[in-house]
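K.L.:
Structure file upload.cif (mmCIF, C-alpha atoms) is given on the next line.
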data_structure
loop_
_atom_site.group_PDB
_atom_site.id
_atom_site.type_symbol
_atom_site.label_atom_id
_atom_site.label_comp_id
_atom_site.auth_asym_id
_atom_site.auth_seq_id
_atom_site.Cartn_x
_atom_site.Cartn_y
_atom_site.Cartn_z
ATOM 1 C CA ARG A 15 -16.274 -34.211 -10.387
ATOM 2 C CA GLU A 16 -14.407 -35.692 -7.533
ATOM 3 C CA GLY A 17 -12.353 -33.168 -5.671
ATOM 4 C CA LYS A 18 -14.363 -30.153 -6.815
ATOM 5 C CA LEU A 19 -16.438 -28.243 -4.362
ATOM 6 C CA GLU A 20 -19.475 -26.413 -5.539
ATOM 7 C CA ALA A 21 -20.978 -23.731 -3.420
ATOM 8 C CA SER A 22 -23.488 -21.042 -3.919
ATOM 9 C CA ILE A 23 -24.092 -17.878 -2.015
ATOM 10 C CA GLU A 24 -27.605 -16.554 -1.818
ATOM 11 C CA ILE A 25 -28.087 -12.809 -1.640
ATOM 12 C CA PRO A 26 -31.848 -12.463 -1.312
ATOM 13 C CA ASP A 27 -32.167 -8.724 -1.861
ATOM 14 C CA LEU A 28 -30.188 -8.544 -5.115
ATOM 15 C CA GLU A 29 -31.164 -9.623 -8.580
ATOM 16 C CA PRO A 30 -28.557 -11.631 -10.487
ATOM 17 C CA SER A 31 -28.064 -8.829 -13.040
ATOM 18 C CA GLY A 32 -27.203 -6.424 -10.204
ATOM 19 C CA MET A 33 -24.578 -8.789 -8.834
ATOM 20 C CA GLN A 34 -23.289 -9.389 -12.367
ATOM 21 C CA SER A 35 -22.781 -5.633 -12.740
ATOM 22 C CA ILE A 36 -20.795 -5.558 -9.481
ATOM 23 C CA LEU A 37 -18.636 -8.480 -10.640
ATOM 24 C CA ASN A 38 -18.083 -6.943 -14.089
ATOM 25 C CA PHE A 39 -16.912 -3.776 -12.400
ATOM 26 C CA ALA A 40 -14.739 -5.555 -9.814
ATOM 27 C CA TYR A 41 -12.984 -7.855 -12.268
ATOM 28 C CA LEU A 42 -13.077 -5.916 -15.526
ATOM 29 C CA GLY A 43 -13.526 -2.293 -14.483
ATOM 30 C CA ASP A 44 -16.634 -2.292 -16.667
ATOM 31 C CA THR A 45 -19.250 0.296 -15.730
ATOM 32 C CA GLU A 46 -21.433 -0.250 -18.804
ATOM 33 C CA VAL A 47 -24.931 -1.273 -17.722
ATOM 34 C CA ALA A 48 -27.747 -2.306 -20.020
ATOM 35 C CA THR A 49 -30.924 -0.248 -19.662
ATOM 36 C CA ASP A 50 -32.906 -3.287 -18.510
ATOM 37 C CA ALA A 51 -30.325 -3.900 -15.756
ATOM 38 C CA LEU A 52 -30.172 -0.309 -14.480
ATOM 39 C CA VAL A 53 -32.413 -0.787 -11.448
ATOM 40 C CA PRO A 54 -30.717 -3.920 -10.069
ATOM 41 C CA ALA A 55 -27.249 -2.514 -10.889
ATOM 42 C CA PHE A 56 -28.077 0.760 -9.127
ATOM 43 C CA PHE A 57 -29.399 -1.090 -6.055
ATOM 44 C CA ALA A 58 -26.318 -3.339 -5.914
ATOM 45 C CA ALA A 59 -23.888 -0.450 -6.415
ATOM 46 C CA ARG A 60 -25.573 1.525 -3.670
ATOM 47 C CA LYS A 61 -25.739 -1.445 -1.289
ATOM 48 C CA TYR A 62 -22.029 -2.208 -1.683
ATOM 49 C CA ASP A 63 -21.001 1.444 -2.025
ATOM 50 C CA VAL A 64 -19.487 1.037 -5.491
ATOM 51 C CA ARG A 65 -19.584 4.716 -6.371
ATOM 52 C CA ALA A 66 -18.171 4.439 -9.886
ATOM 53 C CA LEU A 67 -20.872 1.943 -10.855
ATOM 54 C CA ARG A 68 -23.584 3.945 -9.088
ATOM 55 C CA ASP A 69 -22.456 7.091 -10.907
ATOM 56 C CA ALA A 70 -22.425 5.191 -14.206
ATOM 57 C CA CYS A 71 -26.026 4.119 -13.572
ATOM 58 C CA LEU A 72 -27.029 7.719 -12.825
ATOM 59 C CA ASP A 73 -25.250 8.918 -15.986
ATOM 60 C CA LYS A 74 -27.073 6.289 -18.035
ATOM 61 C CA ILE A 75 -30.389 7.383 -16.501
ATOM 62 C CA ASN A 76 -29.678 10.921 -17.718
ATOM 63 C CA ASN A 77 -29.419 9.614 -21.276
ATOM 64 C CA ILE A 78 -32.360 7.219 -21.531
ATOM 65 C CA ASP A 79 -35.345 7.710 -23.775
ATOM 66 C CA VAL A 80 -38.826 8.555 -22.552
ATOM 67 C CA ASP A 81 -40.137 4.991 -22.717
ATOM 68 C CA ALA A 82 -37.235 3.675 -20.612
ATOM 69 C CA ALA A 83 -37.604 6.585 -18.188
ATOM 70 C CA VAL A 84 -41.270 5.780 -17.569
ATOM 71 C CA SER A 85 -40.422 2.112 -17.023
ATOM 72 C CA LEU A 86 -37.544 2.937 -14.641
ATOM 73 C CA PHE A 87 -39.708 5.408 -12.752
ATOM 74 C CA ASP A 88 -42.314 2.692 -12.297
ATOM 75 C CA SER A 89 -39.682 0.247 -10.998
ATOM 76 C CA ALA A 90 -38.402 2.849 -8.562
ATOM 77 C CA ALA A 91 -41.947 3.594 -7.369
ATOM 78 C CA CYS A 92 -42.769 -0.093 -6.921
ATOM 79 C CA ASN A 93 -39.563 -0.600 -4.926
ATOM 80 C CA GLY A 94 -40.273 2.479 -2.813
ATOM 81 C CA ASP A 95 -36.900 3.925 -3.763
ATOM 82 C CA GLU A 96 -37.112 7.710 -3.496
ATOM 83 C CA GLU A 97 -33.496 8.289 -4.566
ATOM 84 C CA LEU A 98 -33.945 6.402 -7.819
ATOM 85 C CA LYS A 99 -37.370 7.961 -8.402
ATOM 86 C CA LEU A 100 -35.884 11.439 -8.019
ATOM 87 C CA ALA A 101 -32.967 10.572 -10.330
ATOM 88 C CA VAL A 102 -35.315 9.358 -13.061
ATOM 89 C CA ALA A 103 -37.674 12.296 -12.557
ATOM 90 C CA ALA A 104 -34.730 14.678 -13.016
ATOM 91 C CA CYS A 105 -33.556 13.110 -16.289
ATOM 92 C CA PRO A 106 -34.112 15.054 -19.526
ATOM 93 C CA ALA A 107 -36.678 12.488 -20.688
ATOM 94 C CA PHE A 108 -38.973 13.789 -17.931
ATOM 95 C CA CYS A 109 -38.464 17.482 -18.560
ATOM 96 C CA PRO A 110 -41.678 19.483 -19.050
ATOM 97 C CA ASP A 111 -41.240 19.385 -22.840
ATOM 98 C CA SER A 112 -41.203 15.567 -22.768
ATOM 99 C CA ILE A 113 -44.246 14.939 -20.598
ATOM 100 C CA GLU A 114 -46.541 14.569 -23.604
ATOM 101 C CA LYS A 115 -44.137 11.954 -25.002
ATOM 102 C CA ALA A 116 -44.183 10.179 -21.640
ATOM 103 C CA LEU A 117 -47.977 10.092 -21.673
ATOM 104 C CA SER A 118 -47.939 8.428 -25.087
ATOM 105 C CA ALA A 119 -45.049 6.025 -24.348
ATOM 106 C CA ALA A 120 -45.859 2.318 -24.500
ATOM 107 C CA SER A 121 -44.546 1.873 -20.961
ATOM 108 C CA PHE A 122 -46.986 4.509 -19.669
ATOM 109 C CA ASN A 123 -49.878 2.118 -20.359
ATOM 110 C CA ALA A 124 -48.113 -0.519 -18.245
ATOM 111 C CA LEU A 125 -47.566 1.713 -15.204
ATOM 112 C CA SER A 126 -48.429 0.209 -11.859
ATOM 113 C CA VAL A 127 -50.735 2.082 -9.505
ATOM 114 C CA LEU A 128 -47.694 3.221 -7.498
ATOM 115 C CA GLY A 129 -45.930 4.345 -10.668
ATOM 116 C CA LEU A 130 -48.970 6.271 -11.860
ATOM 117 C CA LYS A 131 -49.417 7.970 -8.476
ATOM 118 C CA GLY A 132 -45.738 8.917 -8.469
ATOM 119 C CA PHE A 133 -45.905 10.165 -12.039
ATOM 120 C CA LEU A 134 -48.928 12.327 -11.298
ATOM 121 C CA THR A 135 -47.142 13.930 -8.352
ATOM 122 C CA LEU A 136 -44.148 15.003 -10.438
ATOM 123 C CA SER A 137 -43.986 18.777 -10.343
ATOM 124 C CA SER A 138 -43.090 18.893 -14.038
ATOM 125 C CA CYS A 139 -46.288 17.148 -15.072
ATOM 126 C CA ASN A 140 -48.732 18.581 -12.525
ATOM 127 C CA SER A 141 -49.328 21.732 -14.521
ATOM 128 C CA LEU A 142 -49.597 19.865 -17.829
ATOM 129 C CA THR A 143 -52.023 17.255 -16.560
ATOM 130 C CA SER A 144 -54.220 19.863 -14.910
ATOM 131 C CA GLN A 145 -54.230 21.889 -18.156
ATOM 132 C CA ALA A 146 -55.178 18.766 -20.104
ATOM 133 C CA LEU A 147 -58.097 18.069 -17.763
#
Could you quickly redo this structure as structure tokens?
P.N.:
Amino acid sequence: REGKLEASIEIPDLEPSGMQSILNFAYLGDTEVATDALVPAFFAARKYDVRALRDACLDKINNIDVDAAVSLFDSAACNGDEELKLAVAACPAFCPDSIEKALSAASFNALSVLGLKGFLTLSSCNSLTSQAL
């Protein structure tokens, strides 16, 4: 290994999957993001103003299923990210017709306190939850 330099750069406020998404976009033009990497990819794209990747994340959010939407909403709530919370709340998986599905989603049972508070304040579910009570 003589002659080779190894260096690492630490970026404390980014998860590796977020940085990987930035690198995939920069070197390959790839905007495909796995559902489980949406939050870190969105944060990285926003931080470095990579609009095409950010837009790809928002497009993917619009096409996720209810279980993934609940999980993403919880992540956004836990990170205190209003922009991401609003994006997830506006996706079709959270439309008024889907709220019952959201309540029965496996990820709903794993909601954090912040995620549950945020979910209960969604205008689309306020009327349904009050009717159910």
K.L.:
To one decimal place, how far is atom CA of A:Ala40 from atom CA of A:Arg65 in Å?
P.N.:
11.9 Å
K.L.:
What does the PyMOL selection byres ((chain A and resi 88) around 10) select in this file, as a PyMOL selection string?
P.N.:
chain A and resi 82-87+89-94+99+102+121-122+124-133
K.L.:
Find the residue from A:Ala70, A:Ile23, A:Ala59, A:Pro30 that sits nearest to A:Glu46; use only C-alpha atoms when measuring.
P.N.:
A:Ala70
K.L.:
Mind giving me the straight-line distance from atom CA of A:Ala107 to atom CA of A:Arg60 in Å, one decimal?
P.N.:
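Straight-line distance from atom CA of A:Ala107 to atom CA of A:Arg60 works out to 23.1 Å.
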K.L.:
Hey, which of A:Lys74, A:Ser118, A:Phe56, A:Ile113 ends up closest to A:Asp95? Count all atoms listed in the file.
P.N.:
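Using all atoms listed in the file, A:Asp95 sits closest to A:Phe56.
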K.L.:
Applying 10 Å and all atoms listed in the file, which residues near A:Pro106 remain after dropping the ones on its own chain fewer than 4 positions away? List them as a compact mmCIF listing (two decimals) with C-alpha atoms, in the frame of the given file.
P.N.:
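Once written, part_13.txt looks like this:
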# COMPACT_ATOMS: atom_id res chain seq x y z
CA ILE A 75 -30.39 7.38 -16.50
CA ASN A 76 -29.68 10.92 -17.72
CA ASN A 77 -29.42 9.61 -21.28
CA ILE A 78 -32.36 7.22 -21.53
CA ASP A 79 -35.34 7.71 -23.78
CA VAL A 80 -38.83 8.56 -22.55
CA ALA A 83 -37.60 6.58 -18.19
CA VAL A 102 -35.32 9.36 -13.06
CA PRO A 110 -41.68 19.48 -19.05
CA ASP A 111 -41.24 19.39 -22.84
CA SER A 112 -41.20 15.57 -22.77
K.L.:
Please determine, counting all atoms listed in the file, which residue among A:Asp73, A:Glu96, A:Glu20, A:Glu29 has the shortest atom-to-atom distance to A:Ala51.
P.N.:
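Among the listed residues, A:Glu29 lies closest to A:Ala51.
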K.L.:
If you measure from atom CA of A:Ala55 to atom CA of A:Ser35, what distance in Å do you get, rounded to one decimal?
P.N.:
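Rounded to one decimal, the two atoms are 5.8 Å apart.
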K.L.:
Put the listed atoms of stretch 69-87 of chain A in a box along x, y and z with 5 Å added on every side and give me the centre and edge lengths in Å to one decimal, as lines of an AutoDock Vina configuration file.
P.N.:
center_x = -31.8
center_y = 6.5
center_z = -17.3
size_x = 28.8
size_y = 18.8
size_z = 22.9
K.L.:
For A:Leu72, list every protein, DNA or RNA residue within 10 Å, evaluated using only C-alpha atoms, and leave out those in the same chain fewer than 6 positions away; present the list as a list in words.
P.N.:
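So, after excluding close chain neighbours, the residues are Leu52, Phe56, Ala66, Leu98, Ala101, Val102 and Cys105 of chain A.
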